[in-house]
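S.K.: Data file input_38.txt (compact mmCIF, C-alpha atoms) is appended below.
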```
# COMPACT_ATOMS: atom_id res chain seq x y z
CA MET A 875 -28.31 -116.63 25.73
CA ARG A 876 -30.42 -114.54 28.04
CA TYR A 877 -31.49 -111.15 26.74
CA LEU A 878 -30.00 -109.08 29.53
CA GLY A 879 -26.74 -110.89 28.94
CA TYR A 880 -26.54 -109.06 25.60
CA LEU A 881 -26.16 -105.82 27.58
CA GLY A 882 -23.08 -107.25 29.24
CA VAL A 883 -21.64 -108.46 25.94
CA ALA A 884 -22.27 -105.02 24.42
CA ALA A 885 -20.47 -103.41 27.38
CA VAL A 886 -17.44 -105.63 26.86
CA TRP A 887 -17.44 -104.73 23.18
CA ALA A 888 -17.71 -101.02 24.02
CA TYR A 889 -14.62 -101.55 26.19
CA ARG A 890 -12.85 -103.42 23.41
CA LEU A 891 -13.60 -100.65 20.92
CA THR A 892 -12.70 -97.70 23.13
CA LEU A 893 -10.21 -98.59 25.84
CA ALA A 894 -8.74 -101.96 24.89
CA PRO A 895 -6.57 -100.60 22.03
CA PHE A 896 -4.87 -98.36 24.59
CA LEU A 897 -4.60 -100.76 27.48
CA GLY A 898 -3.55 -103.74 25.45
CA GLY A 899 -4.97 -106.48 27.62
CA GLN A 900 -2.27 -108.94 28.58
CA CYS A 901 -3.96 -111.81 30.24
CA LYS A 902 -2.33 -114.70 32.05
CA TYR A 903 -5.44 -116.76 31.55
CA HIS A 904 -6.90 -118.41 28.51
CA PRO A 905 -9.38 -117.22 27.31
CA SER A 906 -8.59 -113.58 28.06
CA CYS A 907 -10.59 -111.71 30.69
CA SER A 908 -12.79 -109.91 28.17
CA GLN A 909 -13.53 -113.14 26.32
CA TYR A 910 -14.28 -114.79 29.67
CA ALA A 911 -16.71 -111.98 30.46
CA ILE A 912 -18.48 -112.43 27.11
CA ASP A 913 -18.74 -116.19 27.66
CA ALA A 914 -19.98 -115.65 31.21
CA PHE A 915 -22.67 -113.16 30.14
CA LYS A 916 -23.82 -115.54 27.43
CA GLU A 917 -24.05 -118.56 29.65
CA PHE A 918 -25.09 -117.10 32.99
CA GLY A 919 -26.86 -113.83 32.14
CA LEU A 920 -26.13 -110.27 33.23
CA PHE A 921 -26.08 -110.62 37.01
CA LYS A 922 -24.08 -113.81 37.47
CA GLY A 923 -21.96 -112.88 34.46
CA THR A 924 -20.95 -109.60 36.10
CA ILE A 925 -19.94 -111.37 39.30
CA LEU A 926 -18.00 -114.03 37.40
CA ALA A 927 -16.23 -111.45 35.23
CA GLY A 928 -15.39 -109.30 38.26
CA TRP A 929 -14.05 -112.31 40.14
CA ARG A 930 -11.95 -113.31 37.13
CA LEU A 931 -10.48 -109.78 36.88
CA LEU A 932 -9.56 -109.90 40.57
CA ARG A 933 -7.92 -113.29 40.07
CA CYS A 934 -5.97 -111.98 37.10
CA ASN A 935 -3.33 -110.33 39.29
CA PRO A 936 0.46 -110.71 39.41
CA TRP A 937 0.26 -113.21 42.29
CA SER A 938 -2.14 -115.72 40.79
CA ARG A 939 -0.93 -118.62 38.70
CA GLY A 940 -3.10 -118.17 35.59
CA GLY A 941 -3.74 -121.00 33.19
CA VAL A 942 -6.76 -122.25 31.32
CA ASP A 943 -10.03 -121.08 32.83
CA TYR A 944 -13.30 -121.22 30.90
CA ALA A 945 -16.44 -119.48 32.13
CA HIS A 946 -18.26 -122.75 31.55
CA ASP A 947 -16.15 -124.45 34.24
CA GLN A 948 -16.81 -121.81 36.91
CA THR A 949 -17.32 -122.99 40.49
CA VAL A 950 -18.87 -119.85 42.02
CA PHE A 951 -22.42 -120.82 41.03
CA SER A 952 -22.52 -124.55 41.16
CA MET B 1165 -14.35 -87.02 43.28
CA ILE B 1166 -11.48 -89.47 43.57
CA VAL B 1167 -11.45 -89.99 39.83
CA ALA B 1168 -11.37 -86.23 39.27
CA GLY B 1169 -8.44 -85.99 41.69
CA ILE B 1170 -6.45 -88.53 39.73
CA LEU B 1171 -7.42 -87.09 36.39
CA THR B 1172 -6.62 -83.41 36.96
CA PRO B 1173 -2.80 -83.71 36.99
CA LEU B 1174 -3.00 -86.07 34.01
CA GLU B 1175 -5.19 -83.68 32.10
CA ASP B 1176 -2.79 -80.85 32.93
CA LEU B 1177 0.15 -82.89 31.66
CA LEU B 1178 -1.59 -83.82 28.42
CA ARG B 1179 -2.70 -80.25 27.97
CA HIS B 1180 0.93 -79.10 28.35
CA VAL B 1181 2.01 -81.56 25.67
CA LEU B 1182 -0.76 -80.30 23.42
CA ASN B 1183 0.27 -76.68 24.00
CA GLY B 1184 3.88 -77.64 23.37
CA LEU B 1185 2.99 -79.23 20.05
CA HIS B 1186 1.14 -76.07 19.07
CA SER B 1187 4.01 -73.82 20.11
CA ILE B 1188 6.43 -75.63 17.81
CA GLY B 1189 4.26 -74.56 14.90
CA LEU B 1190 1.49 -77.12 14.51
CA PRO B 1191 -2.06 -75.80 14.07
CA TRP B 1192 -4.37 -76.97 16.86
CA ALA B 1193 -6.04 -79.68 14.77
CA TRP B 1194 -2.70 -81.20 13.83
CA ALA B 1195 -1.55 -80.90 17.44
CA ILE B 1196 -4.46 -83.17 18.44
CA VAL B 1197 -3.49 -85.67 15.75
CA ALA B 1198 0.15 -85.52 16.85
CA LEU B 1199 -0.71 -86.00 20.54
CA THR B 1200 -2.84 -89.03 19.70
CA ILE B 1201 -0.07 -90.53 17.60
CA ILE B 1202 2.52 -89.90 20.32
CA VAL B 1203 0.38 -91.69 22.92
CA ARG B 1204 -0.23 -94.63 20.59
CA MET B 1205 3.45 -94.83 19.65
CA LEU B 1206 4.43 -95.03 23.30
CA LEU B 1207 2.07 -97.99 23.60
CA VAL B 1208 3.43 -99.99 20.66
CA PRO B 1209 5.69 -102.23 22.79
CA LEU B 1210 2.70 -103.06 24.97
CA THR B 1211 0.55 -103.92 21.96
CA VAL B 1212 3.18 -106.15 20.42
CA ARG B 1213 3.60 -107.99 23.70
CA GLN B 1214 -0.15 -108.38 23.95
CA ILE B 1215 -0.45 -109.97 20.51
CA HIS B 1216 2.42 -112.35 21.23
CA SER B 1217 1.06 -113.39 24.60
CA MET B 1218 -2.45 -113.96 23.20
CA GLN B 1219 -1.09 -116.22 20.47
CA ASN B 1220 1.14 -118.01 22.92
CA MET B 1221 -1.69 -118.67 25.35
CA GLN B 1222 -4.02 -119.84 22.62
CA ALA B 1223 -1.41 -122.19 21.19
CA HIS B 1224 -0.59 -123.72 24.56
CA ALA B 1225 -4.11 -123.82 26.03
CA PRO B 1226 -4.67 -127.57 25.52
CA ARG B 1227 -1.32 -128.46 27.16
CA MET B 1228 -2.06 -126.13 30.08
CA LYS B 1229 -5.48 -127.65 30.48
CA GLU B 1230 -3.89 -131.08 30.62
CA ILE B 1231 -1.46 -130.00 33.36
CA GLN B 1232 -4.31 -128.51 35.34
CA ARG B 1233 -6.31 -131.73 35.07
CA LYS B 1234 -3.35 -133.89 35.99
CA TYR B 1235 -2.51 -132.04 39.22
CA LYS B 1236 -6.03 -131.04 40.17
CA GLY B 1237 -5.77 -132.19 43.79
CA ASP B 1238 -2.29 -130.84 44.51
CA ARG B 1239 -2.20 -127.05 44.38
CA GLN B 1240 1.50 -126.73 45.09
CA LYS B 1241 2.51 -129.27 42.50
CA LEU B 1242 0.14 -127.66 40.00
CA ASN B 1243 1.73 -124.29 40.66
CA GLU B 1244 5.21 -125.69 40.12
CA GLU B 1245 4.27 -127.50 36.93
CA LEU B 1246 2.47 -124.46 35.50
CA MET B 1247 5.39 -122.16 36.27
CA LYS B 1248 7.76 -124.65 34.64
CA PHE B 1249 5.50 -124.77 31.61
CA TYR B 1250 5.38 -120.96 31.44
CA LYS B 1251 9.15 -120.82 31.56
CA GLU B 1252 9.58 -123.39 28.80
CA ASN B 1253 7.08 -121.67 26.53
CA ASN B 1254 7.98 -118.05 27.25
CA ILE B 1255 4.65 -117.20 28.83
CA ASN B 1256 4.97 -114.30 31.22
CA PRO B 1257 3.32 -115.28 34.51
CA ALA B 1258 3.51 -111.70 35.78
CA ALA B 1259 1.24 -110.47 33.00
CA SER B 1260 -2.26 -109.81 34.27
CA CYS B 1261 -5.34 -107.73 33.64
CA LEU B 1262 -5.93 -106.14 37.02
CA PRO B 1263 -2.92 -103.74 36.98
CA LEU B 1264 -3.87 -102.68 33.46
CA LEU B 1265 -7.14 -101.35 34.78
CA ALA B 1266 -5.08 -98.74 36.62
CA GLN B 1267 -4.19 -97.27 33.23
CA ILE B 1268 -7.79 -96.55 32.34
CA PRO B 1269 -7.65 -93.07 33.95
CA VAL B 1270 -4.85 -92.09 31.55
CA PHE B 1271 -7.05 -92.60 28.54
CA ILE B 1272 -10.11 -91.12 30.12
CA GLY B 1273 -7.78 -88.21 30.93
CA LEU B 1274 -6.74 -87.94 27.29
CA PHE B 1275 -10.39 -87.99 26.30
CA TYR B 1276 -11.30 -85.24 28.77
CA THR B 1277 -8.30 -83.11 27.86
CA LEU B 1278 -9.24 -83.17 24.20
CA ARG B 1279 -12.91 -82.62 24.98
CA ASN B 1280 -12.18 -79.63 27.21
CA PHE B 1281 -9.75 -78.27 24.68
CA SER B 1282 -12.23 -78.68 21.85
CA LYS B 1283 -15.03 -77.08 23.84
CA HIS B 1284 -13.01 -74.06 24.97
CA PRO B 1285 -10.20 -73.67 22.49
CA PRO B 1286 -7.57 -70.96 22.80
CA PRO B 1287 -7.34 -68.33 20.07
CA GLY B 1288 -5.62 -69.44 16.89
CA ASP B 1289 -6.33 -71.32 13.71
CA LEU B 1290 -8.96 -73.98 14.42
CA SER B 1291 -9.56 -75.22 10.90
CA TRP B 1292 -8.21 -78.47 9.51
CA LEU B 1293 -7.16 -79.35 5.98
CA HIS B 1294 -9.19 -76.41 4.57
CA PHE B 1295 -12.49 -78.30 4.86
CA VAL B 1296 -13.16 -78.39 8.59
CA PRO B 1297 -13.93 -74.77 9.55
CA ASN B 1298 -13.74 -75.11 13.34
CA ILE B 1299 -12.74 -78.14 15.40
CA ALA B 1300 -14.46 -76.65 18.47
CA ASP B 1301 -17.91 -76.92 16.85
CA LYS B 1302 -20.06 -79.99 17.22
CA ALA B 1303 -19.44 -82.57 14.54
CA SER B 1304 -23.03 -82.16 13.36
CA ALA B 1305 -22.61 -78.42 12.80
CA HIS B 1306 -20.95 -78.64 9.39
CA TRP B 1307 -20.96 -81.17 6.56
CA SER B 1308 -17.27 -81.81 7.14
CA GLY B 1309 -18.16 -83.30 10.54
CA TRP B 1310 -20.18 -85.96 8.79
CA ILE B 1311 -17.24 -86.83 6.55
CA LEU B 1312 -15.11 -87.29 9.65
CA ILE B 1313 -17.81 -89.50 11.18
CA VAL B 1314 -17.94 -91.64 8.05
CA ILE B 1315 -14.16 -92.04 8.26
CA TYR B 1316 -14.53 -92.78 11.98
CA VAL B 1317 -17.08 -95.56 11.37
CA ALA B 1318 -15.03 -97.03 8.53
CA SER B 1319 -11.83 -96.98 10.60
CA GLN B 1320 -13.65 -98.39 13.62
CA LEU B 1321 -15.00 -101.28 11.54
CA ALA B 1322 -11.57 -101.90 10.08
CA SER B 1323 -9.80 -101.73 13.44
CA THR B 1324 -12.24 -104.16 15.07
CA TYR B 1325 -11.80 -106.44 12.08
CA PHE B 1326 -8.17 -106.83 13.06
CA MET B 1327 -9.05 -107.45 16.68
CA SER B 1328 -11.60 -110.11 15.81
CA GLY B 1329 -9.41 -112.87 14.41
CA THR B 1330 -10.83 -115.50 16.72
CA MET B 1331 -14.36 -114.17 17.16
CA GLN B 1332 -17.53 -116.17 16.70
CA GLN B 1333 -20.15 -115.17 14.15
CA SER B 1334 -22.57 -113.56 16.65
CA GLN B 1335 -19.76 -111.43 18.04
CA ARG B 1336 -18.71 -110.33 14.58
CA VAL B 1337 -22.24 -109.08 13.96
CA LEU B 1338 -22.27 -107.18 17.25
CA MET B 1339 -18.92 -105.63 16.49
CA MET B 1340 -20.16 -104.44 13.12
CA ILE B 1341 -23.25 -102.84 14.71
CA LEU B 1342 -21.53 -101.08 17.62
CA PRO B 1343 -19.74 -98.31 15.68
CA PHE B 1344 -23.09 -97.31 14.22
CA ALA B 1345 -24.60 -97.33 17.71
CA PHE B 1346 -21.92 -94.82 18.73
CA ILE B 1347 -22.89 -92.33 16.00
CA PRO B 1348 -25.75 -90.63 17.92
CA PHE B 1349 -23.28 -89.84 20.72
CA ILE B 1350 -20.40 -88.87 18.52
CA ILE B 1351 -22.27 -86.30 16.41
CA HIS B 1352 -22.61 -84.25 19.60
CA PHE B 1353 -18.88 -84.40 20.28
CA PRO B 1354 -16.71 -81.46 19.29
CA THR B 1355 -15.09 -82.10 15.91
CA GLY B 1356 -11.66 -82.10 17.55
CA LEU B 1357 -12.65 -85.15 19.56
CA VAL B 1358 -13.90 -86.96 16.47
CA LEU B 1359 -10.56 -86.13 14.92
CA TYR B 1360 -8.82 -87.78 17.87
CA TRP B 1361 -11.01 -90.87 17.68
CA MET B 1362 -10.50 -91.16 13.95
CA THR B 1363 -6.73 -90.89 14.34
CA THR B 1364 -6.52 -93.51 17.04
CA ASN B 1365 -8.64 -95.93 14.98
CA LEU B 1366 -6.56 -95.39 11.87
CA TRP B 1367 -3.49 -96.09 13.98
CA THR B 1368 -5.05 -99.35 15.13
CA VAL B 1369 -5.77 -100.28 11.51
CA GLY B 1370 -2.18 -99.56 10.47
CA GLN B 1371 -0.88 -101.53 13.41
CA GLY B 1372 -3.22 -104.40 12.52
CA LEU B 1373 -2.04 -104.43 8.90
CA ILE B 1374 1.58 -104.61 9.99
CA THR B 1375 1.13 -107.20 12.74
CA ARG B 1376 -1.03 -109.34 10.47
CA ARG B 1377 1.94 -109.69 8.15
CA LEU B 1378 4.22 -110.52 11.05
CA ILE B 1379 1.86 -113.03 12.69
CA PRO B 1380 2.44 -116.13 10.50
CA LYS B 1381 6.18 -115.83 11.11
CA VAL B 1382 5.64 -115.87 14.84
CA ALA B 1383 3.01 -118.59 14.84
CA ALA B 1384 4.74 -121.07 12.54
CA PRO B 1385 7.27 -122.65 14.95
CA SER B 1386 4.61 -123.64 17.49
CA LEU B 1387 2.43 -125.40 14.91
CA PRO B 1388 3.57 -129.00 15.61
CA THR B 1389 2.92 -128.67 19.35
CA ARG B 1390 -0.58 -127.51 18.64
CA ARG B 1391 -1.36 -130.43 16.41
CA SER B 1392 -0.10 -132.97 18.89
CA SER B 1393 -2.08 -131.38 21.68
CA ARG B 1394 -5.38 -131.50 19.86
CA THR B 1395 -6.09 -135.12 20.66
CA PRO B 1396 -6.18 -134.87 24.46
CA ALA B 1397 -8.41 -131.82 24.22
CA LYS B 1398 -10.95 -133.83 22.25
CA GLU B 1399 -10.75 -136.86 24.51
CA GLU B 1400 -12.04 -135.06 27.53
CA ALA B 1401 -15.14 -133.83 25.70
CA PRO B 1402 -14.49 -130.09 25.94
CA ALA B 1403 -17.11 -127.48 26.72
CA PRO B 1404 -18.46 -125.51 23.73
CA ALA B 1405 -16.16 -122.65 24.69
CA THR B 1406 -13.20 -125.03 24.67
CA ALA B 1407 -13.95 -126.21 21.19
CA ALA B 1408 -14.47 -122.69 19.91
CA ALA B 1409 -11.24 -121.47 21.44
CA ALA B 1410 -9.24 -124.50 20.40
CA ALA B 1411 -10.31 -124.33 16.77
CA PRO B 1412 -8.67 -120.98 15.97
CA ALA B 1413 -5.56 -122.07 17.83
CA THR B 1414 -4.92 -124.72 15.23
CA ASN B 1415 -5.48 -122.19 12.52
CA PRO B 1416 -3.44 -118.99 12.85
CA ASN B 1417 -4.99 -117.35 9.80
CA PRO B 1418 -8.66 -118.35 9.79
CA SER B 1419 -9.72 -116.07 6.98
CA SER B 1420 -7.27 -117.40 4.41
CA GLN B 1421 -7.27 -121.09 5.13
CA PRO B 1422 -10.89 -122.07 4.34
CA ARG B 1423 -10.65 -120.17 1.08
CA ARG B 1424 -7.64 -122.16 0.06
CA VAL B 1425 -9.52 -125.40 0.73
CA LYS B 1426 -12.41 -124.25 -1.45
CA ARG B 1427 -10.11 -123.42 -4.32
CA LYS B 1428 -8.51 -126.83 -4.09
CA LYS B 1429 -11.92 -128.47 -4.31
CA LYS B 1430 -12.80 -126.48 -7.39
CA GLN B 1431 -9.57 -127.46 -9.05
CA ALA B 1432 -10.22 -131.10 -8.29
CA ARG B 1433 -13.64 -130.91 -9.95
CA ARG B 1434 -12.18 -129.47 -13.08
```
Have the structure of the file written as structure tokens, please.
M.R.:
Amino acid sequence: MRYLGYLGVAAVWAYRLTLAPFLGGQCKYHPSCSQYAIDAFKEFGLFKGTILAGWRLLRCNPWSRGGVDYAHDQTVFS
Amino acid sequence: MIVAGILTPLEDLLRHVLNGLHSIGLPWAWAIVALTIIVRMLLVPLTVRQIHSMQNMQAHAPRMKEIQRKYKGDRQKLNEELMKFYKENNINPAASCLPLLAQIPVFIGLFYTLRNFSKHPPPGDLSWLHFVPNIADKASAHWSGWILIVIYVASQLASTYFMSGTMQQSQRVLMMILPFAFIPFIIHFPTGLVLYWMTTNLWTVGQGLITRRLIPKVAAPSLPTRRSSRTPAKEEAPAPATAAAAAPATNPNPSSQPRRVKRKKKQARR
């Protein structure tokens, strides 16, 4: 895992500790968006991870079909 | 600017509730605790749904993956099959993360309301439980603030423990470090805000204790489907993330099961 990626993982954890208990993330994807973000930061570093996580959040809307979607299988940076 | 525009009416509303709680006879410190509990209580249905949907998704992930692989070329067919699968397995296809982000201002609003209140409190009794002299002071101003911070860290650790059922080891370590990393910020918060944070964490812990008891009952019926779906997941040589995510799915209570295995081994040796 790249070092800067840790920053991203820490940010997701800060979200999980502060806001997530209130929001109660209900994701239509597996793994959940926050887990996807953590995986993406670990595998692709801070910059690409942020883009992948942002793109996943945008896809996680009421009109998408959801399903299984691992950060490892991303097609944005191929 | 935009954020402030959204937050002001929210802050006003929360402030009114806080004032209302005080006017019915609660001291200010208890009014903060009560407001926090009210907000969390209103969110219970959401939390329960979240836990159920997470378990559901985890349990059905291998089957979903299979459907996605099968109809990879045909988007429309894939859509139909997935929707059918959702319907059969009670997965809510309308659930999604993006709309939830819209709720973030509410909780930032709650945070700001309590911070403003704690910084500029109205006249009245500002002590709590006879050992906190003034909830408007910084937490570091009095030894009682440190006690609250210790409770905060303990409750934060406990509450993340309940959220971390399926976490990997490295994430567990991070989650144990983070509450301590928050301390330097939190000692500069007004004590009233620490009180709020402590309350909301303790609520999470209580909720975790209760749902943890309820979880095996919910997870049990879907156990056979999970077992049968393990084989195809292995066949297609899953990514590391797949394996990590699939493992806890087969094991609804990861902390208790390995222990049981160990005990059995010991008994066999005897």
S.K.: Chain B residues within 8 Å of chain A, counting all atoms listed in the file: which ones, as a PyMOL selection string?
M.R.: chain B and resi 1204+1207+1210-1211+1213-1214+1217-1218+1221-1222+1225+1228-1229+1232+1243+1246-1247+1256-1265+1267-1268+1271+1320+1324+1338-1339+1342+1368+1403+1405-1406+1409
S.K.: Take the selection from the previous step and output its residues with C-alpha atoms, as a PDB file, in the frame of the given file.
M.R.:
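Done, and the output landed in selection15.pdb:
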```
ATOM      1  CA  ARG B1204      -0.230 -94.630  20.590  1.00  0.00           C
ATOM      2  CA  LEU B1207       2.070 -97.990  23.600  1.00  0.00           C
ATOM      3  CA  LEU B1210       2.700-103.060  24.970  1.00  0.00           C
ATOM      4  CA  THR B1211       0.550-103.920  21.960  1.00  0.00           C
ATOM      5  CA  ARG B1213       3.600-107.990  23.700  1.00  0.00           C
ATOM      6  CA  GLN B1214      -0.150-108.380  23.950  1.00  0.00           C
ATOM      7  CA  SER B1217       1.060-113.390  24.600  1.00  0.00           C
ATOM      8  CA  MET B1218      -2.450-113.960  23.200  1.00  0.00           C
ATOM      9  CA  MET B1221      -1.690-118.670  25.350  1.00  0.00           C
ATOM     10  CA  GLN B1222      -4.020-119.840  22.620  1.00  0.00           C
ATOM     11  CA  ALA B1225      -4.110-123.820  26.030  1.00  0.00           C
ATOM     12  CA  MET B1228      -2.060-126.130  30.080  1.00  0.00           C
ATOM     13  CA  LYS B1229      -5.480-127.650  30.480  1.00  0.00           C
ATOM     14  CA  GLN B1232      -4.310-128.510  35.340  1.00  0.00           C
ATOM     15  CA  ASN B1243       1.730-124.290  40.660  1.00  0.00           C
ATOM     16  CA  LEU B1246       2.470-124.460  35.500  1.00  0.00           C
ATOM     17  CA  MET B1247       5.390-122.160  36.270  1.00  0.00           C
ATOM     18  CA  ASN B1256       4.970-114.300  31.220  1.00  0.00           C
ATOM     19  CA  PRO B1257       3.320-115.280  34.510  1.00  0.00           C
ATOM     20  CA  ALA B1258       3.510-111.700  35.780  1.00  0.00           C
ATOM     21  CA  ALA B1259       1.240-110.470  33.000  1.00  0.00           C
ATOM     22  CA  SER B1260      -2.260-109.810  34.270  1.00  0.00           C
ATOM     23  CA  CYS B1261      -5.340-107.730  33.640  1.00  0.00           C
ATOM     24  CA  LEU B1262      -5.930-106.140  37.020  1.00  0.00           C
ATOM     25  CA  PRO B1263      -2.920-103.740  36.980  1.00  0.00           C
ATOM     26  CA  LEU B1264      -3.870-102.680  33.460  1.00  0.00           C
ATOM     27  CA  LEU B1265      -7.140-101.350  34.780  1.00  0.00           C
ATOM     28  CA  GLN B1267      -4.190 -97.270  33.230  1.00  0.00           C
ATOM     29  CA  ILE B1268      -7.790 -96.550  32.340  1.00  0.00           C
ATOM     30  CA  PHE B1271      -7.050 -92.600  28.540  1.00  0.00           C
ATOM     31  CA  GLN B1320     -13.650 -98.390  13.620  1.00  0.00           C
ATOM     32  CA  THR B1324     -12.240-104.160  15.070  1.00  0.00           C
ATOM     33  CA  LEU B1338     -22.270-107.180  17.250  1.00  0.00           C
ATOM     34  CA  MET B1339     -18.920-105.630  16.490  1.00  0.00           C
ATOM     35  CA  LEU B1342     -21.530-101.080  17.620  1.00  0.00           C
ATOM     36  CA  THR B1368      -5.050 -99.350  15.130  1.00  0.00           C
ATOM     37  CA  ALA B1403     -17.110-127.480  26.720  1.00  0.00           C
ATOM     38  CA  ALA B1405     -16.160-122.650  24.690  1.00  0.00           C
ATOM     39  CA  THR B1406     -13.200-125.030  24.670  1.00  0.00           C
ATOM     40  CA  ALA B1409     -11.240-121.470  21.440  1.00  0.00           C
TER      41      ALA B1409
END
```
S.K.: If I take CA of Arg1239 in chain B and CA of Ser952 in chain A, how far is one from the other in Å, to one decimal?
M.R.: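 Distance between the two atoms: 20.7 Å.
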S.K.: Around (-13.0, -73.5, 18.4) in the file's own coordinates, what residues are found within 8 Å if you use all atoms listed in the file, given back as JSON, numbers by chain?
M.R.: {"B": [1282, 1283, 1284, 1285, 1286, 1287, 1290, 1298, 1299, 1300, 1301]}
S.K.: List as a list of chain:residue names the protein and nucleic acid residues near range 1350-1357 of chain B, meaning an atom at most 9 Å away when all atoms listed in the file are counted, but skip any in the same chain fewer than 5 places from it.
M.R.: B:Trp1192, B:Ala1193, B:Ile1196, B:Phe1275, B:Leu1278, B:Arg1279, B:Phe1281, B:Ser1282, B:Lys1283, B:Val1296, B:Asn1298, B:Ile1299, B:Ala1300, B:Asp1301, B:Lys1302, B:Ala1303, B:Ser1304, B:Ala1305, B:Gly1309, B:Trp1310, B:Leu1312, B:Ile1313, B:Met1362
S.K.: In Å, how far is it from CA of Glu1175 in chain B to CA of Ser1308 in chain B?
M.R.: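 Between CA of Glu1175 in chain B and CA of Ser1308 in chain B the gap is 27.8 Å.
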S.K.: Which value, in Å to one decimal, gives the distance between CA of Val1270 in chain B and CA of Leu1359 in chain B?
M.R.: 18.6 Å
S.K.: Skipping near chain neighbours, those fewer than 4 positions away, what residues fall within 7 Å of range 914-921 of chain A using only C-alpha atoms, listed as a list in words?
M.R.: Met875, Arg876, Leu878, Gly879, Gly882, Val883, Tyr910, Ile925, Leu926, Ala927 and Ala945 of chain A
S.K.: Missing atoms in range 910-921 of chain A: fill them in up to N, CA, C and O atoms and send the result as a PDB file, in the frame of the given file.
M.R.:
```pdb
ATOM      1  N   TYR A 910     -13.646-114.087  28.545  1.00  0.00           N
ATOM      2  CA  TYR A 910     -14.280-114.790  29.670  1.00  0.00           C
ATOM      3  C   TYR A 910     -15.572-114.079  30.049  1.00  0.00           C
ATOM      4  O   TYR A 910     -16.599-114.720  30.266  1.00  0.00           O
ATOM      5  N   ALA A 911     -15.526-112.750  30.106  1.00  0.00           N
ATOM      6  CA  ALA A 911     -16.710-111.980  30.460  1.00  0.00           C
ATOM      7  C   ALA A 911     -17.821-112.215  29.449  1.00  0.00           C
ATOM      8  O   ALA A 911     -18.977-112.444  29.825  1.00  0.00           O
ATOM      9  N   ILE A 912     -17.478-112.205  28.163  1.00  0.00           N
ATOM     10  CA  ILE A 912     -18.480-112.430  27.110  1.00  0.00           C
ATOM     11  C   ILE A 912     -19.094-113.823  27.278  1.00  0.00           C
ATOM     12  O   ILE A 912     -20.317-113.984  27.268  1.00  0.00           O
ATOM     13  N   ASP A 913     -18.243-114.829  27.480  1.00  0.00           N
ATOM     14  CA  ASP A 913     -18.740-116.190  27.660  1.00  0.00           C
ATOM     15  C   ASP A 913     -19.643-116.277  28.886  1.00  0.00           C
ATOM     16  O   ASP A 913     -20.683-116.938  28.862  1.00  0.00           O
ATOM     17  N   ALA A 914     -19.227-115.599  29.968  1.00  0.00           N
ATOM     18  CA  ALA A 914     -19.980-115.650  31.210  1.00  0.00           C
ATOM     19  C   ALA A 914     -21.350-114.990  31.043  1.00  0.00           C
ATOM     20  O   ALA A 914     -22.367-115.522  31.496  1.00  0.00           O
ATOM     21  N   PHE A 915     -21.385-113.837  30.374  1.00  0.00           N
ATOM     22  CA  PHE A 915     -22.670-113.160  30.140  1.00  0.00           C
ATOM     23  C   PHE A 915     -23.578-114.037  29.304  1.00  0.00           C
ATOM     24  O   PHE A 915     -24.780-114.102  29.536  1.00  0.00           O
ATOM     25  N   LYS A 916     -23.005-114.715  28.326  1.00  0.00           N
ATOM     26  CA  LYS A 916     -23.820-115.540  27.430  1.00  0.00           C
ATOM     27  C   LYS A 916     -24.397-116.738  28.170  1.00  0.00           C
ATOM     28  O   LYS A 916     -25.532-117.117  27.951  1.00  0.00           O
ATOM     29  N   GLU A 917     -23.593-117.323  29.024  1.00  0.00           N
ATOM     30  CA  GLU A 917     -24.050-118.560  29.650  1.00  0.00           C
ATOM     31  C   GLU A 917     -24.858-118.305  30.928  1.00  0.00           C
ATOM     32  O   GLU A 917     -25.793-119.038  31.213  1.00  0.00           O
ATOM     33  N   PHE A 918     -24.486-117.270  31.672  1.00  0.00           N
ATOM     34  CA  PHE A 918     -25.090-117.100  32.990  1.00  0.00           C
ATOM     35  C   PHE A 918     -25.929-115.839  33.133  1.00  0.00           C
ATOM     36  O   PHE A 918     -26.440-115.554  34.208  1.00  0.00           O
ATOM     37  N   GLY A 919     -26.051-115.025  32.056  1.00  0.00           N
ATOM     38  CA  GLY A 919     -26.860-113.830  32.140  1.00  0.00           C
ATOM     39  C   GLY A 919     -26.102-112.653  32.739  1.00  0.00           C
ATOM     40  O   GLY A 919     -24.931-112.775  33.097  1.00  0.00           O
ATOM     41  N   LEU A 920     -26.793-111.518  32.851  1.00  0.00           N
ATOM     42  CA  LEU A 920     -26.130-110.270  33.230  1.00  0.00           C
ATOM     43  C   LEU A 920     -25.600-110.304  34.665  1.00  0.00           C
ATOM     44  O   LEU A 920     -24.443-109.986  34.923  1.00  0.00           O
ATOM     45  N   PHE A 921     -26.455-110.727  35.599  1.00  0.00           N
ATOM     46  CA  PHE A 921     -26.080-110.620  37.010  1.00  0.00           C
ATOM     47  C   PHE A 921     -24.928-111.558  37.375  1.00  0.00           C
ATOM     48  O   PHE A 921     -23.865-111.109  37.817  1.00  0.00           O
TER      49      PHE A 921
END
```
